[in-house]
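> Here you go, one structure.
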Amino acid sequence: IYVTLDPTLPSERTKFVLDDSDANLIVTNTANIGLANSLAKSRHYVLNVDHPTNDIADSELDGSIGAETLACIIYTSGSPGLPKGVMETHRNLLHRVMIATNSYHISAEDRLAFFYSCSFSASARCMFGALLNGAMLLPYDVKRPTALRPAEWLLREGVTIYFCVPTLFRHVVQTLEDGETIPSVRLIPLGSEPVVKRDVELFNKHFSRDSV
């Protein structure tokens with residue numbers, strides 16, 4: 001069972017999630033190892049995926065997993081109070097991925113942009129929608145500006161699908177010059193926020209007519 005942790009969120013929230021979920025392993029990378037160690041103290045084992053060790057048993061990797069077994073716990077924002085953990089089974093997660101696969105015709109030729117935080121509920125659909133179909137998953141951290149504009153990055157990476165919210169879609173389009181298009185993108189599923197007429201107009205202006 002995995003529990004998502006966003007290193008950009010306040011440490012108090014992360015500590016609450018670790019305690020509430022009773023997690024005992026923190027998987028991180030070199031960029032966030034300092035934060036992971038400060039959160040772990042003596043209660044959690046820390047695994048740095050950039051420098052894996054050989055002292056982790058692999059004897060249970062071939063074990064069977066039932067459809068009703070928990071796959072992940074995603075925590076709500078906690079805006080009205082304490083965050084609440086929403087538990088998702090393997091059956092439910094695979095069902096969502098199946099719907100996305102069939103609705104968007106995701107195949108091994110696709111390249112999916114991953115704009116979401118891993119702690120966002122829709123992140124699982126994007127991650128596993130790519131990985132379980134043999135497609136490429138391309139993370140882009142919108143909270144950390146890079147030398148490339150989001151639109152330039154989409155062009156360079158040849159992204160074909162990117163899930164996002166309308167606010168992020170507008171931000172990406174605003175970085176485009178007049179007449180500039182992103183022909184590789186064939187699909188932009190928008191959700192979580194209202195879509196307005198102007199969004200459709202911007203889509204028709206900057207993306208291929210074969211896109212949806």
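Note on naming: chains are A, B, ... as they come in the structure tokens, residues start from 1 per chain, ligands start from 1 in the order shown.
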Apply DSSP to the structure's backbone, then extract all residues of stretch 3-207 of chain A labelled alpha helix (DSSP H) and return them as a PyMOL selection string.
chain A and resi 11-21+33-40+90-104+123-131+150-157+166-174+197-206
> Please tabulate, as JSON lines, the residues of stretch 109-128 of chain A that come within 12 Å of stretch 175-184 of chain A, each with its closest pair of atoms and the distance in Å to one decimal, counting only C-alpha atoms and ordering rows by chain, then residue number upward.

```
{"residue": "A:Glu109", "atom": "CA", "partner": "A:Ser184", "partner_atom": "CA", "distance": 11.7}
{"residue": "A:Asp110", "atom": "CA", "partner": "A:Ser184", "partner_atom": "CA", "distance": 9.9}
{"residue": "A:Arg111", "atom": "CA", "partner": "A:Ser184", "partner_atom": "CA", "distance": 9.5}
{"residue": "A:Leu112", "atom": "CA", "partner": "A:Ser184", "partner_atom": "CA", "distance": 11.1}
{"residue": "A:Ala113", "atom": "CA", "partner": "A:Ser184", "partner_atom": "CA", "distance": 11.8}
```
> Using only C-alpha atoms, determine which residues lie at most 7 Å from stretch 30-42 of chain A, disregarding the query and same-chain residues fewer than 5 positions distant; provide the list as a list in words.
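Returned residues: Lys15, Asn48 and Asp50 of chain A.
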> List the spatial neighbours of stretch 92-97 of chain A as a list in words - criterion: any atom at most 7 Å away, only C-alpha atoms, same-chain residues fewer than 6 positions off excluded.
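Here the answer would be Arg125, Phe128 and Gly129 of chain A.
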> Quick one: pick out all strand (DSSP E) residues within stretch 29-103 of chain A from a backbone DSSP run and write them as a PyMOL selection string.
chain A and resi 45-48+70-75+85-89
> Counting only C-alpha atoms, which residues of stretch 46-149 of chain A sit at most 6 Å from some atom of stretch 2-14 of chain A, and what is each one's closest atom pair with its distance in Å to one decimal, listed by chain and rising residue number, as JSON lines?

```
{"residue": "A:Cys72", "atom": "CA", "partner": "A:Tyr2", "partner_atom": "CA", "distance": 4.7}
{"residue": "A:Ile73", "atom": "CA", "partner": "A:Val3", "partner_atom": "CA", "distance": 5.1}
{"residue": "A:Ser119", "atom": "CA", "partner": "A:Thr4", "partner_atom": "CA", "distance": 5.1}
```
> To one decimal place in Å, what is the distance between atom CA of A:Gly158 and atom CA of A:Val185?
7.4 Å
> Of the candidates A:Arg156, A:Met136, A:Ile106, A:Ser121, which shows the shortest atom-to-atom distance to A:Met87, using only C-alpha atoms?
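Nearest candidate to A:Met87 out of A:Arg156, A:Met136, A:Ile106, A:Ser121: A:Ser121.
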> Nearest to A:Ala130 among A:Cys118, A:Ala108, A:Tyr45, A:Ser64, with distances taken over only C-alpha atoms: which residue is it?
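That would be A:Ala108, the residue with the smallest distance to A:Ala130.
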> My list of candidates is A:Glu68, A:Arg186, A:Tyr104, A:His171. Which is closest to A:Val142 when distances are computed with only C-alpha atoms?
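Distance minimum relative to A:Val142 lands on A:His171.
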> Report, in Å to a single decimal, how far apart atom CA of A:Ile74 and atom CA of A:Phe169 are.
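Result for atom CA of A:Phe169 versus atom CA of A:Ile74: 23.8 Å, one decimal.
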